[in-house]
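Single-structure report; data block below.
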2 protein chains.
Amino acid sequence: MRISELARAASTPVTAVKYYQREGLLPPGEKSAPNQTAYDDRHVERVRLVRALLETGGLSVAVTKQVLAVLDAEAAPLAEVFAVAQYAMTTPRSPESEATPEARARIEERVSAAGWCATSDNPGLETAARALDGLRTIGFDAPDDYLDAYVSAAASAARADVAALQDRDGRTAMAELMVIGTVLGDPLFAGLRRLAQQDATHDLFPVSTTDEAGA
Amino acid sequence: MRISELARAASTPVTAVKYYQREGLLPPGEKSAPNQTAYDDRHVERVRLVRALLETGGLSVAVTKQVLAVLDAEAAPLAEVFAVAQYAMTTPRSPESEATPEARARIEERVSAAGWCATSDNPGLETAARALDGLRTIGFDAPDDYLDAYVSAAASAARADVAALQDRDGRTAMAELMVIGTVLGDPLFAGLRRLAQQDATHDLFPVSTTDEAGA
């Protein structure tokens, strides 16, 4: 198919497809004539994936490239694909603001209390610890019951993530869901938490019906 | 105190403090001499807060400004502070990629099955629905048990969020935790989910001990 057909098949604007090409996110098509390039179903799949990573996942072009490289390394065991993808997707925003050792120790303590088997190089440890440090800057020392509520919430979500992987047909489909599910589980949870907060604050901070309708 | 003392008290580099000032994120200090400006404890608190929002929360300067404006509007009822802060913090990345009506309906269906009281203008609905659309681009139609695991995870986290608010001393401290807790609950959960995934995949995709130590 031509580039216009590729774009239509992937429900993506042609300008976006050309952009992915220019950034090296799309393998080249086959030259079928001096001025014509042919694309196939693998390209359609890849355009959809790149779009999901960039637009819905909010990844940068550089991180998207890393994730695609791991996905394409057929020899890598799936656990490694998962680890590398997680790492690529969790690179700290500013390397100079590392979590304090206290915050890391606190997360490790709750994780170990929950009986999880996780290594200290898991990038999630740094992410969670930096969040704790951020909460401390406003004088909020997250108590055990607060942290443990998040720990058990994370455990339920992760169990659902892994269960979903087992239903996927083949290695590529599984690896794809690992990557996309890890990226998109975050906004899925974030959105649902905001809905749940509205429910939970309804009693604590009542507003008038008019306010609510217009908010 | 002088700007160097303000920076030290807030454990923030002087260059960052100057940047916050230039961007209008910090109220001006008091001119104590032609070449000298004095800052107080409120500035220290604000520098810490701005840093947490920008660096740990990952908000843009524009969104940080909106959040600070709501926090500073003393007359606003707390439920409104919460709603506006949530909205400011959940603005879609690219306005042209809206969630499909099907995905919104699906989220509303699961939320209503959970018995939550949430309005359709809650920005979390759009965020969660776009994540569902993203999952569909790789052919993953999230089944009920997957979504409900996320719904109940979000409910536990939101209950912990609201319970923590009730222990805060005074309106400013409460509003601060609403904002910072909403922002930082996301990376806290995201980090913990990656740790939980490692635990959950350990059995499904075993790796050798050497791989694990070096990963």
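For the structure tokens, the naming scheme is as follows: chains receive sequential letters (A, B, ...) according to their order of presentation, residues are indexed from 1 within each chain, and ligands are indexed from 1 in presentation order.
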
Closest atom pairs, chain B residues within 7 Å of chain A, only C-alpha atoms, as JSON lines:
{"residue": "B:Arg48", "atom": "CA", "partner": "A:Thr137", "partner_atom": "CA", "distance": 5.8}
{"residue": "B:Leu49", "atom": "CA", "partner": "A:Ile138", "partner_atom": "CA", "distance": 6.6}
{"residue": "B:Ala52", "atom": "CA", "partner": "A:Gly134", "partner_atom": "CA", "distance": 5.2}
{"residue": "B:Thr56", "atom": "CA", "partner": "A:Gly134", "partner_atom": "CA", "distance": 6.1}
{"residue": "B:Leu78", "atom": "CA", "partner": "A:Phe205", "partner_atom": "CA", "distance": 6.7}
{"residue": "B:Ala79", "atom": "CA", "partner": "A:Phe205", "partner_atom": "CA", "distance": 5.6}
{"residue": "B:Trp116", "atom": "CA", "partner": "A:Asp199", "partner_atom": "CA", "distance": 5.6}
{"residue": "B:Cys117", "atom": "CA", "partner": "A:Asp199", "partner_atom": "CA", "distance": 4.8}
{"residue": "B:Ala118", "atom": "CA", "partner": "A:Asp199", "partner_atom": "CA", "distance": 5.7}
{"residue": "B:Asn122", "atom": "CA", "partner": "A:Leu195", "partner_atom": "CA", "distance": 6.5}
{"residue": "B:Gly124", "atom": "CA", "partner": "A:Gly191", "partner_atom": "CA", "distance": 3.6}
{"residue": "B:Leu125", "atom": "CA", "partner": "A:Gly191", "partner_atom": "CA", "distance": 5.9}
{"residue": "B:Thr127", "atom": "CA", "partner": "A:Gly191", "partner_atom": "CA", "distance": 5.0}
{"residue": "B:Ala128", "atom": "CA", "partner": "A:Leu188", "partner_atom": "CA", "distance": 4.3}
{"residue": "B:Arg130", "atom": "CA", "partner": "A:Thr56", "partner_atom": "CA", "distance": 6.8}
{"residue": "B:Ala131", "atom": "CA", "partner": "A:Leu184", "partner_atom": "CA", "distance": 5.4}
{"residue": "B:Gly134", "atom": "CA", "partner": "A:Ala52", "partner_atom": "CA", "distance": 5.4}
{"residue": "B:Leu135", "atom": "CA", "partner": "A:Ile180", "partner_atom": "CA", "distance": 6.8}
{"residue": "B:Thr137", "atom": "CA", "partner": "A:Arg48", "partner_atom": "CA", "distance": 6.0}
{"residue": "B:Ile138", "atom": "CA", "partner": "A:Leu49", "partner_atom": "CA", "distance": 6.6}
{"residue": "B:Tyr146", "atom": "CA", "partner": "A:Ala160", "partner_atom": "CA", "distance": 5.3}
{"residue": "B:Ala149", "atom": "CA", "partner": "A:Ala157", "partner_atom": "CA", "distance": 5.9}
{"residue": "B:Tyr150", "atom": "CA", "partner": "A:Ala157", "partner_atom": "CA", "distance": 5.6}
{"residue": "B:Val151", "atom": "CA", "partner": "A:Leu192", "partner_atom": "CA", "distance": 6.3}
{"residue": "B:Ala153", "atom": "CA", "partner": "A:Ala153", "partner_atom": "CA", "distance": 4.1}
{"residue": "B:Ala154", "atom": "CA", "partner": "A:Arg193", "partner_atom": "CA", "distance": 4.6}
{"residue": "B:Ala155", "atom": "CA", "partner": "A:Ala196", "partner_atom": "CA", "distance": 5.4}
{"residue": "B:Ser156", "atom": "CA", "partner": "A:Ala149", "partner_atom": "CA", "distance": 6.0}
{"residue": "B:Ala157", "atom": "CA", "partner": "A:Tyr150", "partner_atom": "CA", "distance": 5.6}
{"residue": "B:Ala158", "atom": "CA", "partner": "A:Gln197", "partner_atom": "CA", "distance": 5.0}
{"residue": "B:Arg159", "atom": "CA", "partner": "A:Ala200", "partner_atom": "CA", "distance": 6.3}
{"residue": "B:Ala160", "atom": "CA", "partner": "A:Tyr146", "partner_atom": "CA", "distance": 5.3}
{"residue": "B:Val162", "atom": "CA", "partner": "A:Thr201", "partner_atom": "CA", "distance": 6.6}
{"residue": "B:Ile180", "atom": "CA", "partner": "A:Leu135", "partner_atom": "CA", "distance": 6.8}
{"residue": "B:Gly181", "atom": "CA", "partner": "A:Leu135", "partner_atom": "CA", "distance": 6.9}
{"residue": "B:Leu184", "atom": "CA", "partner": "A:Ala131", "partner_atom": "CA", "distance": 5.4}
{"residue": "B:Asp186", "atom": "CA", "partner": "A:Ala190", "partner_atom": "CA", "distance": 5.9}
{"residue": "B:Pro187", "atom": "CA", "partner": "A:Ala128", "partner_atom": "CA", "distance": 6.0}
{"residue": "B:Leu188", "atom": "CA", "partner": "A:Ala128", "partner_atom": "CA", "distance": 4.3}
{"residue": "B:Phe189", "atom": "CA", "partner": "A:Ala154", "partner_atom": "CA", "distance": 6.2}
{"residue": "B:Ala190", "atom": "CA", "partner": "A:Asp186", "partner_atom": "CA", "distance": 5.9}
{"residue": "B:Gly191", "atom": "CA", "partner": "A:Gly124", "partner_atom": "CA", "distance": 3.6}
{"residue": "B:Leu192", "atom": "CA", "partner": "A:Ala154", "partner_atom": "CA", "distance": 5.8}
{"residue": "B:Arg193", "atom": "CA", "partner": "A:Ala154", "partner_atom": "CA", "distance": 4.6}
{"residue": "B:Arg194", "atom": "CA", "partner": "A:Gly124", "partner_atom": "CA", "distance": 5.1}
{"residue": "B:Leu195", "atom": "CA", "partner": "A:Gly124", "partner_atom": "CA", "distance": 5.7}
{"residue": "B:Ala196", "atom": "CA", "partner": "A:Ala155", "partner_atom": "CA", "distance": 5.4}
{"residue": "B:Gln197", "atom": "CA", "partner": "A:Ala158", "partner_atom": "CA", "distance": 5.0}
{"residue": "B:Gln198", "atom": "CA", "partner": "A:Ala118", "partner_atom": "CA", "distance": 5.8}
{"residue": "B:Asp199", "atom": "CA", "partner": "A:Cys117", "partner_atom": "CA", "distance": 4.8}
{"residue": "B:Ala200", "atom": "CA", "partner": "A:Arg159", "partner_atom": "CA", "distance": 6.3}
{"residue": "B:Thr201", "atom": "CA", "partner": "A:Val162", "partner_atom": "CA", "distance": 6.6}
{"residue": "B:Phe205", "atom": "CA", "partner": "A:Ala79", "partner_atom": "CA", "distance": 5.6}
{"residue": "B:Val207", "atom": "CA", "partner": "A:Ala79", "partner_atom": "CA", "distance": 6.6}

Fewer than 4 positions away in the same chain doesn't count, so skip those; otherwise give me all residues within 7 Å of Leu25 (chain A), counting only C-alpha atoms, as an MDAnalysis selection string.
-> chainID A and resid 20:21 65

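Of the listed residues (A:Ala69, A:Pro101, A:Arg2, A:Asp141), A:Arg2 comes nearest to Ala33 (chain A); the distances count only C-alpha atoms.
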
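A straight line drawn from CA of Ala9 (chain A) to CA of Glu23 (chain A) is 20.5 Å long.
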
Which of chain A fall in helix (DSSP H, G or I), as a count of residues only = 146

Determine which residues of chain A DSSP labels as strand (DSSP E or B) from the backbone of this structure, then write them out as a PyMOL selection string.
-> chain A and resi 30-33+36-38
